[in-house]
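S.K.: PDB, C-alpha atoms, saved as final.pdb, coming up:
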```pdb
ATOM      1  CA  MET W   1     -14.552  -5.722   0.294  1.00  0.00           C
ATOM      2  CA  GLY W   2     -16.855  -3.204  -1.301  1.00  0.00           C
ATOM      3  CA  LYS W   3     -15.983  -0.682  -3.980  1.00  0.00           C
ATOM      4  CA  GLY W   4     -14.809   2.646  -2.646  1.00  0.00           C
ATOM      5  CA  GLN W   5     -13.825   1.253   0.746  1.00  0.00           C
ATOM      6  CA  GLU W   6     -10.058   1.586   1.093  1.00  0.00           C
ATOM      7  CA  SER W   7      -9.589   1.364  -2.691  1.00  0.00           C
ATOM      8  CA  MET W   8      -6.074   2.835  -2.600  1.00  0.00           C
ATOM      9  CA  GLY W   9      -4.902   0.285  -0.063  1.00  0.00           C
ATOM     10  CA  LYS W  10      -6.463  -2.573  -2.026  1.00  0.00           C
ATOM     11  CA  ARG W  11      -4.628  -1.587  -5.185  1.00  0.00           C
ATOM     12  CA  GLN W  12      -1.330  -1.713  -3.342  1.00  0.00           C
ATOM     13  CA  ILE W  13      -1.875  -5.307  -2.256  1.00  0.00           C
ATOM     14  CA  ASN W  14      -3.141  -6.391  -5.709  1.00  0.00           C
ATOM     15  CA  TYR W  15      -6.772  -6.763  -4.586  1.00  0.00           C
ATOM     16  CA  LEU W  16      -7.750  -4.487  -7.477  1.00  0.00           C
ATOM     17  CA  ASP W  17      -5.534  -5.476 -10.403  1.00  0.00           C
ATOM     18  CA  ILE W  18      -6.578  -2.577 -12.605  1.00  0.00           C
ATOM     19  CA  GLY W  19      -3.212  -0.919 -12.953  1.00  0.00           C
ATOM     20  CA  LEU W  20      -4.283   2.681 -12.360  1.00  0.00           C
ATOM     21  CA  LEU W  21      -0.997   3.539 -10.684  1.00  0.00           C
ATOM     22  CA  LYS W  22       1.019   0.665 -12.142  1.00  0.00           C
ATOM     23  CA  ILE W  23       1.989  -0.239  -8.586  1.00  0.00           C
ATOM     24  CA  SER W  24       2.127  -3.986  -9.072  1.00  0.00           C
ATOM     25  CA  SER W  25       0.340  -6.870 -10.694  1.00  0.00           C
ATOM     26  CA  ILE W  26      -1.300  -9.843  -9.026  1.00  0.00           C
ATOM     27  CA  GLU W  27       0.515 -11.987 -11.593  1.00  0.00           C
ATOM     28  CA  ASP W  28       3.904 -10.865 -10.267  1.00  0.00           C
ATOM     29  CA  THR W  29       5.551 -14.094  -9.077  1.00  0.00           C
ATOM     30  CA  SER W  30       8.576 -12.525  -7.409  1.00  0.00           C
ATOM     31  CA  PRO W  31       9.434 -14.285  -4.116  1.00  0.00           C
ATOM     32  CA  ARG W  32       7.724 -11.845  -1.742  1.00  0.00           C
ATOM     33  CA  PHE W  33       5.563 -14.346   0.101  1.00  0.00           C
ATOM     34  CA  GLY W  34       7.572 -16.611   2.353  1.00  0.00           C
ATOM     35  CA  GLY W  35       6.403 -20.169   2.827  1.00  0.00           C
ATOM     36  CA  ILE W  36       3.871 -20.128  -0.032  1.00  0.00           C
ATOM     37  CA  ASP W  37       4.421 -22.054  -3.259  1.00  0.00           C
ATOM     38  CA  GLU W  38       3.985 -20.070  -6.454  1.00  0.00           C
ATOM     39  CA  LYS W  39       1.308 -22.526  -7.602  1.00  0.00           C
ATOM     40  CA  ASP W  40      -0.799 -21.603  -4.578  1.00  0.00           C
ATOM     41  CA  LEU W  41      -0.796 -17.873  -5.319  1.00  0.00           C
ATOM     42  CA  PRO W  42      -3.978 -16.548  -6.939  1.00  0.00           C
ATOM     43  CA  LYS W  43      -4.016 -15.485 -10.582  1.00  0.00           C
ATOM     44  CA  LYS W  44      -5.737 -12.541 -12.168  1.00  0.00           C
ATOM     45  CA  GLY W  45      -9.495 -13.028 -12.132  1.00  0.00           C
ATOM     46  CA  VAL W  46     -12.462 -11.246 -13.672  1.00  0.00           C
ATOM     47  CA  SER W  47     -14.263  -8.055 -12.725  1.00  0.00           C
ATOM     48  CA  ALA W  48     -16.948  -8.068 -10.057  1.00  0.00           C
ATOM     49  CA  PHE W  49     -19.788  -7.950 -12.564  1.00  0.00           C
ATOM     50  CA  GLU W  50     -18.205 -10.650 -14.729  1.00  0.00           C
ATOM     51  CA  MET W  51     -18.079 -12.769 -11.597  1.00  0.00           C
ATOM     52  CA  PHE W  52     -21.869 -12.509 -11.275  1.00  0.00           C
ATOM     53  CA  GLU W  53     -22.162 -13.513 -14.924  1.00  0.00           C
ATOM     54  CA  LYS W  54     -20.187 -16.650 -14.082  1.00  0.00           C
ATOM     55  CA  VAL W  55     -22.543 -17.258 -11.147  1.00  0.00           C
ATOM     56  CA  ASP W  56     -25.495 -16.969 -13.533  1.00  0.00           C
ATOM     57  CA  GLN W  57     -23.813 -19.495 -15.848  1.00  0.00           C
ATOM     58  CA  LYS W  58     -23.214 -21.763 -12.820  1.00  0.00           C
ATOM     59  CA  GLU W  59     -19.458 -21.675 -13.261  1.00  0.00           C
ATOM     60  CA  ILE W  60     -19.331 -20.316  -9.692  1.00  0.00           C
ATOM     61  CA  THR W  61     -21.548 -22.154  -7.219  1.00  0.00           C
ATOM     62  CA  SER W  62     -20.572 -20.655  -3.858  1.00  0.00           C
ATOM     63  CA  MET W  63     -19.520 -17.202  -2.745  1.00  0.00           C
ATOM     64  CA  LEU W  64     -18.275 -15.215   0.228  1.00  0.00           C
ATOM     65  CA  ILE W  65     -19.268 -11.543   0.163  1.00  0.00           C
ATOM     66  CA  MET W  66     -17.617  -9.304   2.721  1.00  0.00           C
ATOM     67  CA  CYS W  67     -18.434  -5.636   3.397  1.00  0.00           C
ATOM     68  CA  SER W  68     -20.378  -5.254   0.172  1.00  0.00           C
ATOM     69  CA  ASN W  69     -24.018  -5.096  -0.893  1.00  0.00           C
ATOM     70  CA  PRO W  70     -23.884  -5.854  -4.642  1.00  0.00           C
ATOM     71  CA  ILE W  71     -27.669  -6.056  -5.001  1.00  0.00           C
ATOM     72  CA  VAL W  72     -27.669  -2.298  -4.400  1.00  0.00           C
ATOM     73  CA  SER W  73     -24.241  -1.203  -5.647  1.00  0.00           C
ATOM     74  CA  SER W  74     -23.862  -3.234  -8.853  1.00  0.00           C
ATOM     75  CA  PRO W  75     -25.250  -2.287 -12.260  1.00  0.00           C
ATOM     76  CA  ASN W  76     -28.325  -4.303 -13.296  1.00  0.00           C
ATOM     77  CA  THR W  77     -29.306  -5.187  -9.755  1.00  0.00           C
ATOM     78  CA  ASN W  78     -32.123  -7.466 -10.891  1.00  0.00           C
ATOM     79  CA  PHE W  79     -29.603  -9.628 -12.733  1.00  0.00           C
ATOM     80  CA  VAL W  80     -27.300  -9.745  -9.705  1.00  0.00           C
ATOM     81  CA  ARG W  81     -30.169 -10.802  -7.443  1.00  0.00           C
ATOM     82  CA  LYS W  82     -31.201 -13.507  -9.894  1.00  0.00           C
ATOM     83  CA  ALA W  83     -27.619 -14.775 -10.134  1.00  0.00           C
ATOM     84  CA  LEU W  84     -27.096 -14.874  -6.362  1.00  0.00           C
ATOM     85  CA  MET W  85     -30.236 -16.966  -5.963  1.00  0.00           C
ATOM     86  CA  LYS W  86     -28.619 -19.641  -8.167  1.00  0.00           C
ATOM     87  CA  LEU W  87     -25.717 -20.175  -5.771  1.00  0.00           C
ATOM     88  CA  LYS W  88     -25.581 -23.427  -3.845  1.00  0.00           C
ATOM     89  CA  PHE W  89     -24.103 -21.551  -0.889  1.00  0.00           C
ATOM     90  CA  LEU W  90     -23.817 -17.834  -0.119  1.00  0.00           C
ATOM     91  CA  MET W  91     -22.019 -16.487   2.955  1.00  0.00           C
ATOM     92  CA  VAL W  92     -22.196 -12.782   3.772  1.00  0.00           C
ATOM     93  CA  VAL W  93     -20.118 -10.918   6.335  1.00  0.00           C
ATOM     94  CA  ASP W  94     -21.681  -7.603   7.297  1.00  0.00           C
ATOM     95  CA  LEU W  95     -22.685  -5.530  10.287  1.00  0.00           C
ATOM     96  CA  TYR W  96     -26.356  -5.430   9.347  1.00  0.00           C
ATOM     97  CA  LEU W  97     -28.813  -7.518   7.328  1.00  0.00           C
ATOM     98  CA  SER W  98     -28.410  -5.880   3.935  1.00  0.00           C
ATOM     99  CA  GLU W  99     -30.402  -6.719   0.807  1.00  0.00           C
ATOM    100  CA  THR W 100     -27.639  -9.135  -0.183  1.00  0.00           C
ATOM    101  CA  ALA W 101     -27.354 -10.637   3.292  1.00  0.00           C
ATOM    102  CA  GLN W 102     -31.066 -11.443   3.229  1.00  0.00           C
ATOM    103  CA  LEU W 103     -30.336 -13.983   0.465  1.00  0.00           C
ATOM    104  CA  ALA W 104     -27.461 -15.629   2.330  1.00  0.00           C
ATOM    105  CA  ASP W 105     -27.390 -19.152   3.700  1.00  0.00           C
ATOM    106  CA  LEU W 106     -25.095 -17.887   6.461  1.00  0.00           C
ATOM    107  CA  VAL W 107     -24.559 -14.354   7.779  1.00  0.00           C
ATOM    108  CA  LEU W 108     -21.576 -13.617  10.027  1.00  0.00           C
ATOM    109  CA  PRO W 109     -21.745 -10.392  12.054  1.00  0.00           C
ATOM    110  CA  SER W 110     -18.809  -8.053  11.490  1.00  0.00           C
ATOM    111  CA  THR W 111     -17.570  -5.083  13.465  1.00  0.00           C
ATOM    112  CA  SER W 112     -18.127  -1.479  12.411  1.00  0.00           C
ATOM    113  CA  TYR W 113     -15.459   1.144  11.763  1.00  0.00           C
ATOM    114  CA  LEU W 114     -15.896   2.388  15.339  1.00  0.00           C
ATOM    115  CA  GLU W 115     -14.866  -1.027  16.667  1.00  0.00           C
ATOM    116  CA  ASP W 116     -12.085  -1.717  14.142  1.00  0.00           C
ATOM    117  CA  GLU W 117      -8.383  -1.055  14.408  1.00  0.00           C
ATOM    118  CA  GLY W 118      -6.159  -0.882  11.383  1.00  0.00           C
ATOM    119  CA  THR W 119      -4.633   1.297   8.711  1.00  0.00           C
ATOM    120  CA  LEU W 120      -6.173   3.088   5.772  1.00  0.00           C
ATOM    121  CA  THR W 121      -4.469   4.735   2.820  1.00  0.00           C
ATOM    122  CA  ASN W 122      -5.998   7.899   1.420  1.00  0.00           C
ATOM    123  CA  VAL W 123      -5.878   9.074  -2.185  1.00  0.00           C
ATOM    124  CA  GLU W 124      -2.595  10.969  -1.725  1.00  0.00           C
ATOM    125  CA  GLY W 125      -0.902   7.795  -0.455  1.00  0.00           C
ATOM    126  CA  ARG W 126      -0.888   8.770   3.206  1.00  0.00           C
ATOM    127  CA  VAL W 127      -1.143   5.727   5.485  1.00  0.00           C
ATOM    128  CA  LEU W 128      -3.117   6.461   8.650  1.00  0.00           C
ATOM    129  CA  LEU W 129      -3.677   4.364  11.750  1.00  0.00           C
ATOM    130  CA  ARG W 130      -7.277   4.263  12.900  1.00  0.00           C
ATOM    131  CA  GLU W 131      -7.754   3.124  16.476  1.00  0.00           C
ATOM    132  CA  ALA W 132     -10.912   1.468  17.775  1.00  0.00           C
ATOM    133  CA  SER W 133     -13.115   3.878  19.717  1.00  0.00           C
ATOM    134  CA  PHE W 134     -15.955   1.571  20.767  1.00  0.00           C
ATOM    135  CA  PRO W 135     -16.069  -1.940  22.282  1.00  0.00           C
ATOM    136  CA  ILE W 136     -17.188  -4.863  20.121  1.00  0.00           C
ATOM    137  CA  GLN W 137     -20.887  -5.617  20.507  1.00  0.00           C
ATOM    138  CA  GLY W 138     -22.520  -9.036  20.819  1.00  0.00           C
ATOM    139  CA  GLU W 139     -21.045 -11.870  18.740  1.00  0.00           C
ATOM    140  CA  ALA W 140     -19.484  -9.619  16.113  1.00  0.00           C
ATOM    141  CA  LYS W 141     -15.876 -10.211  15.073  1.00  0.00           C
ATOM    142  CA  HIS W 142     -13.348  -8.278  13.037  1.00  0.00           C
ATOM    143  CA  ASP W 143     -13.166  -9.197   9.345  1.00  0.00           C
ATOM    144  CA  TRP W 144      -9.615 -10.485   9.748  1.00  0.00           C
ATOM    145  CA  GLN W 145     -10.696 -12.729  12.629  1.00  0.00           C
ATOM    146  CA  ILE W 146     -13.485 -14.188  10.505  1.00  0.00           C
ATOM    147  CA  LEU W 147     -11.076 -14.849   7.632  1.00  0.00           C
ATOM    148  CA  CYS W 148      -8.623 -16.530   9.998  1.00  0.00           C
ATOM    149  CA  GLU W 149     -11.349 -18.827  11.319  1.00  0.00           C
ATOM    150  CA  ILE W 150     -12.464 -19.703   7.786  1.00  0.00           C
ATOM    151  CA  ALA W 151      -8.843 -20.444   6.835  1.00  0.00           C
ATOM    152  CA  ASN W 152      -8.560 -22.686   9.880  1.00  0.00           C
ATOM    153  CA  LYS W 153     -11.625 -24.654   8.768  1.00  0.00           C
ATOM    154  CA  LEU W 154     -10.058 -25.003   5.307  1.00  0.00           C
ATOM    155  CA  GLY W 155      -6.825 -26.399   6.724  1.00  0.00           C
ATOM    156  CA  LYS W 156      -4.760 -23.226   6.138  1.00  0.00           C
ATOM    157  CA  LYS W 157      -4.330 -22.136   9.739  1.00  0.00           C
ATOM    158  CA  LYS W 158      -0.541 -21.842   9.477  1.00  0.00           C
ATOM    159  CA  HIS W 159      -0.949 -19.038   6.949  1.00  0.00           C
ATOM    160  CA  PHE W 160      -3.601 -17.219   8.990  1.00  0.00           C
ATOM    161  CA  SER W 161      -2.403 -17.368  12.577  1.00  0.00           C
ATOM    162  CA  TYR W 162      -2.681 -13.636  13.235  1.00  0.00           C
ATOM    163  CA  GLN W 163      -3.559 -12.356  16.669  1.00  0.00           C
ATOM    164  CA  SER W 164      -3.896  -8.657  15.829  1.00  0.00           C
ATOM    165  CA  SER W 165      -4.242  -6.213  12.969  1.00  0.00           C
ATOM    166  CA  GLU W 166      -0.696  -5.069  13.709  1.00  0.00           C
ATOM    167  CA  GLU W 167       0.648  -8.538  12.886  1.00  0.00           C
ATOM    168  CA  ILE W 168      -1.109  -8.370   9.521  1.00  0.00           C
ATOM    169  CA  PHE W 169       0.343  -4.924   8.862  1.00  0.00           C
ATOM    170  CA  ASP W 170       3.826  -6.193   9.700  1.00  0.00           C
ATOM    171  CA  GLU W 171       3.418  -8.890   7.050  1.00  0.00           C
ATOM    172  CA  LEU W 172       2.367  -6.230   4.538  1.00  0.00           C
ATOM    173  CA  ARG W 173       5.512  -4.279   5.441  1.00  0.00           C
ATOM    174  CA  LEU W 174       7.614  -7.335   4.644  1.00  0.00           C
ATOM    175  CA  ALA W 175       5.764  -8.216   1.432  1.00  0.00           C
ATOM    176  CA  SER W 176       5.912  -4.660   0.085  1.00  0.00           C
ATOM    177  CA  LYS W 177       9.617  -4.109   0.811  1.00  0.00           C
ATOM    178  CA  GLY W 178      11.442  -3.016  -2.318  1.00  0.00           C
ATOM    179  CA  GLY W 179       8.240  -2.439  -4.269  1.00  0.00           C
ATOM    180  CA  LYS W 180       6.784   0.806  -5.572  1.00  0.00           C
ATOM    181  CA  ALA W 181       4.332   0.990  -2.684  1.00  0.00           C
ATOM    182  CA  ASP W 182       6.896   0.211  -0.005  1.00  0.00           C
ATOM    183  CA  TYR W 183       5.475   0.167   3.533  1.00  0.00           C
ATOM    184  CA  SER W 184       8.500  -1.460   5.137  1.00  0.00           C
ATOM    185  CA  GLY W 185       9.584   1.647   7.051  1.00  0.00           C
ATOM    186  CA  MET W 186       6.194   2.169   8.688  1.00  0.00           C
ATOM    187  CA  THR W 187       5.183   0.817  12.081  1.00  0.00           C
ATOM    188  CA  TYR W 188       2.125   1.299  14.239  1.00  0.00           C
ATOM    189  CA  LYS W 189       4.346   3.235  16.643  1.00  0.00           C
ATOM    190  CA  ARG W 190       5.454   5.634  13.918  1.00  0.00           C
ATOM    191  CA  LEU W 191       1.939   6.035  12.531  1.00  0.00           C
ATOM    192  CA  ARG W 192       0.636   6.949  15.989  1.00  0.00           C
ATOM    193  CA  LYS W 193       3.420   9.440  16.566  1.00  0.00           C
ATOM    194  CA  GLU W 194       3.552  11.029  13.104  1.00  0.00           C
ATOM    195  CA  LYS W 195      -0.202  10.974  12.376  1.00  0.00           C
ATOM    196  CA  GLY W 196       0.328   9.324   9.017  1.00  0.00           C
ATOM    197  CA  ILE W 197       3.176   8.567   6.575  1.00  0.00           C
ATOM    198  CA  LEU W 198       3.234   8.836   2.786  1.00  0.00           C
ATOM    199  CA  TRP W 199       4.369   5.781   0.821  1.00  0.00           C
ATOM    200  CA  PRO W 200       6.844   4.675  -0.356  1.00  0.00           C
ATOM    201  CA  CYS W 201       8.621   4.605   2.984  1.00  0.00           C
ATOM    202  CA  ARG W 202      11.662   2.377   2.622  1.00  0.00           C
ATOM    203  CA  GLY W 203      13.116   2.431   6.126  1.00  0.00           C
ATOM    204  CA  GLU W 204      12.282   3.420   9.670  1.00  0.00           C
ATOM    205  CA  ASN W 205      14.354   6.600   9.251  1.00  0.00           C
ATOM    206  CA  ASP W 206      12.647   7.440   5.943  1.00  0.00           C
ATOM    207  CA  PRO W 207      10.107  10.290   6.415  1.00  0.00           C
ATOM    208  CA  GLY W 208       8.085   9.037   3.453  1.00  0.00           C
ATOM    209  CA  THR W 209       7.634  10.382  -0.080  1.00  0.00           C
ATOM    210  CA  VAL W 210       5.877  13.743  -0.171  1.00  0.00           C
ATOM    211  CA  ARG W 211       5.496  13.929  -3.968  1.00  0.00           C
ATOM    212  CA  LEU W 212       5.599  10.552  -5.697  1.00  0.00           C
ATOM    213  CA  PHE W 213       5.772  11.642  -9.347  1.00  0.00           C
ATOM    214  CA  GLU W 214       7.932  14.741  -8.958  1.00  0.00           C
ATOM    215  CA  ASP W 215      10.528  13.697 -11.554  1.00  0.00           C
ATOM    216  CA  GLU W 216       8.701  11.118 -13.685  1.00  0.00           C
ATOM    217  CA  PHE W 217       5.535   9.063 -13.972  1.00  0.00           C
ATOM    218  CA  ALA W 218       5.158   5.313 -13.515  1.00  0.00           C
ATOM    219  CA  HIS W 219       5.654   4.364 -17.167  1.00  0.00           C
ATOM    220  CA  ASP W 220       8.682   2.964 -18.944  1.00  0.00           C
ATOM    221  CA  ASP W 221       9.423   6.291 -20.621  1.00  0.00           C
ATOM    222  CA  GLY W 222       8.626   8.289 -17.463  1.00  0.00           C
ATOM    223  CA  LYS W 223       5.922  10.298 -19.238  1.00  0.00           C
ATOM    224  CA  ALA W 224       2.302  10.761 -18.232  1.00  0.00           C
ATOM    225  CA  ARG W 225      -0.632   9.285 -20.165  1.00  0.00           C
ATOM    226  CA  TRP W 226      -3.418  11.804 -20.690  1.00  0.00           C
ATOM    227  CA  LEU W 227      -6.865  10.394 -21.458  1.00  0.00           C
TER     228      LEU W 227
END
```
Would you mind giving the structure from this file in structure tokens?
M.R.:
Amino acid sequence: MGKGQESMGKRQINYLDIGLLKISSIEDTSPRFGGIDEKDLPKKGVSAFEMFEKVDQKEITSMLIMCSNPIVSSPNTNFVRKALMKLKFLMVVDLYLSETAQLADLVLPSTSYLEDEGTLTNVEGRVLLREASFPIQGEAKHDWQILCEIANKLGKKKHFSYQSSEEIFDELRLASKGGKADYSGMTYKRLRKEKGILWPCRGENDPGTVRLFEDEFAHDDGKARWL
């Protein structure tokens, strides 16, 4: 997923392990993921640009790029292009043939935001439900459908058997329960009715947290860090 697209939501599920809000760490091994052995959970990786350096050094030989065009968005685009051309296999998921997709061995058509259904979290921590407003065109599929099909091909179907974005959100509710970014009290029904809920929301009768750091900040001593 590209930079700037749903960044707040990605931080809450450890996609961006940069600790800006100290929400959680990808290296947290607490038993939040039922049916998955700890050894199978991913560990902290490198930054996006460091990943391209590893591609250039041939430590990474294949790559899946989804909803991102790093040839345009990354620093030193000439280096990124050169690195991508060294891959043995490049798969790109996008809704149009971007500069990066033009280098791919396989391009899978994805749906646009008008065709997608799902939640987004804005910078204040308000979770919003965005309904699809346009029918899917041609052979395009939702990103989550593409990931499920890839998982199936890799023999991991039992972990990716979702039939809707709501099922995925319900798993996030379960996995986040008790954490700092607790979504467990949110449902699609509530999000539709209330037009958004602020996290943490720890129960279905919880209205959400209007001001997260009203009494203290997310540090051991409760104080802010001014840079």
S.K.: Could you list, as a PyMOL selection string, every residue within 9 Å of Leu84 of chain W, counting all atoms listed in the file and ignoring same-chain residues fewer than 2 positions away?
M.R.: chain W and resi 52+55-56+63+71+79-82+86-87+90+100+103-104
S.K.: How far is it from atom CA of Asp94 of chain W to atom CA of Met66 of chain W, in Å with one decimal?
M.R.: 6.4 Å
S.K.: Work out how far apart atom CA of Leu147 of chain W and atom CA of Phe160 of chain W are and give it in Å to one decimal.
M.R.: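 Pair atom CA of Leu147 of chain W / atom CA of Phe160 of chain W returns 8.0 Å.
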S.K.: Evaluated on this file, the PyMOL selection byres ((chain W and resi 212-219) around 10) picks out some residues - which ones are they, written as a PyMOL selection string?
M.R.: chain W and resi 20-23+124-125+180+198-200+208-211+220-225
S.K.: Written as a VMD selection string, what is the full residue list that the PyMOL selection byres ((chain W and resi 159) around 12) yields on the file shown?
M.R.: chain W and resid 33 to 37 40 147 to 152 154 to 158 160 to 162 168 171
S.K.: Would you write out, as a JSON list (two decimals) with C-alpha atoms, in the frame of the given file, every residue that the PyMOL selection byres ((chain W and resi 174) around 10) captures in this file?
M.R.:
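Produced file selection-v4.json, reproduced below:
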```json
[["chain", "number", "residue", "atom", "x", "y", "z"],
["W", 32, "ARG", "CA", 7.72, -11.84, -1.74],
["W", 33, "PHE", "CA", 5.56, -14.35, 0.10],
["W", 34, "GLY", "CA", 7.57, -16.61, 2.35],
["W", 169, "PHE", "CA", 0.34, -4.92, 8.86],
["W", 170, "ASP", "CA", 3.83, -6.19, 9.70],
["W", 171, "GLU", "CA", 3.42, -8.89, 7.05],
["W", 172, "LEU", "CA", 2.37, -6.23, 4.54],
["W", 173, "ARG", "CA", 5.51, -4.28, 5.44],
["W", 175, "ALA", "CA", 5.76, -8.22, 1.43],
["W", 176, "SER", "CA", 5.91, -4.66, 0.08],
["W", 177, "LYS", "CA", 9.62, -4.11, 0.81],
["W", 178, "GLY", "CA", 11.44, -3.02, -2.32],
["W", 182, "ASP", "CA", 6.90, 0.21, 0.00],
["W", 183, "TYR", "CA", 5.48, 0.17, 3.53],
["W", 184, "SER", "CA", 8.50, -1.46, 5.14],
["W", 185, "GLY", "CA", 9.58, 1.65, 7.05]]
```
S.K.: Could you check the closest approach to Ile65 of chain W for each of W:Leu227, W:Leu41, W:Leu106, W:Leu114 and tell me which residue wins, using all atoms listed in the file?
M.R.: W:Leu106
S.K.: In Å, how far is it from atom CA of Val127 of chain W to atom CA of Ile146 of chain W?
M.R.: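 Straight-line distance from atom CA of Val127 of chain W to atom CA of Ile146 of chain W works out to 24.0 Å.
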S.K.: My list of candidates is W:Ser98, W:Ser47, W:Gln57, W:Ser133. Which is closest to Val72 of chain W when distances are computed with only C-alpha atoms?
M.R.: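 Residue with the minimum atom-to-atom distance to Val72 of chain W: W:Ser98.
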S.K.: Closest to Asn78 of chain W among W:Leu108, W:Ser164, W:Ser62, W:Glu99, using only C-alpha atoms?
M.R.: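 Checking each of W:Leu108, W:Ser164, W:Ser62, W:Glu99 against Asn78 of chain W, counting only C-alpha atoms, the winner is W:Glu99.
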S.K.: Which of these, W:Lys153, W:Gly203, W:Gln102, W:Lys88, has the shortest distance to Thr61 of chain W once you count only C-alpha atoms?
M.R.: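 Nearest to Thr61 of chain W: W:Lys88.
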S.K.: Name all residues at most 9 Å from Ser165 of chain W (count all atoms listed in the file; drop same-chain ones fewer than 5 positions away) and give them as a list in words.
M.R.: Glu117, Gly118, Thr119, Trp144 and Asp170 of chain W
S.K.: Between W:Lys39, W:Lys193, W:Lys54, W:Lys44, which has the minimum distance to Leu128 of chain W (counting all atoms listed in the file)?
M.R.: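 Nearest to Leu128 of chain W: W:Lys193.
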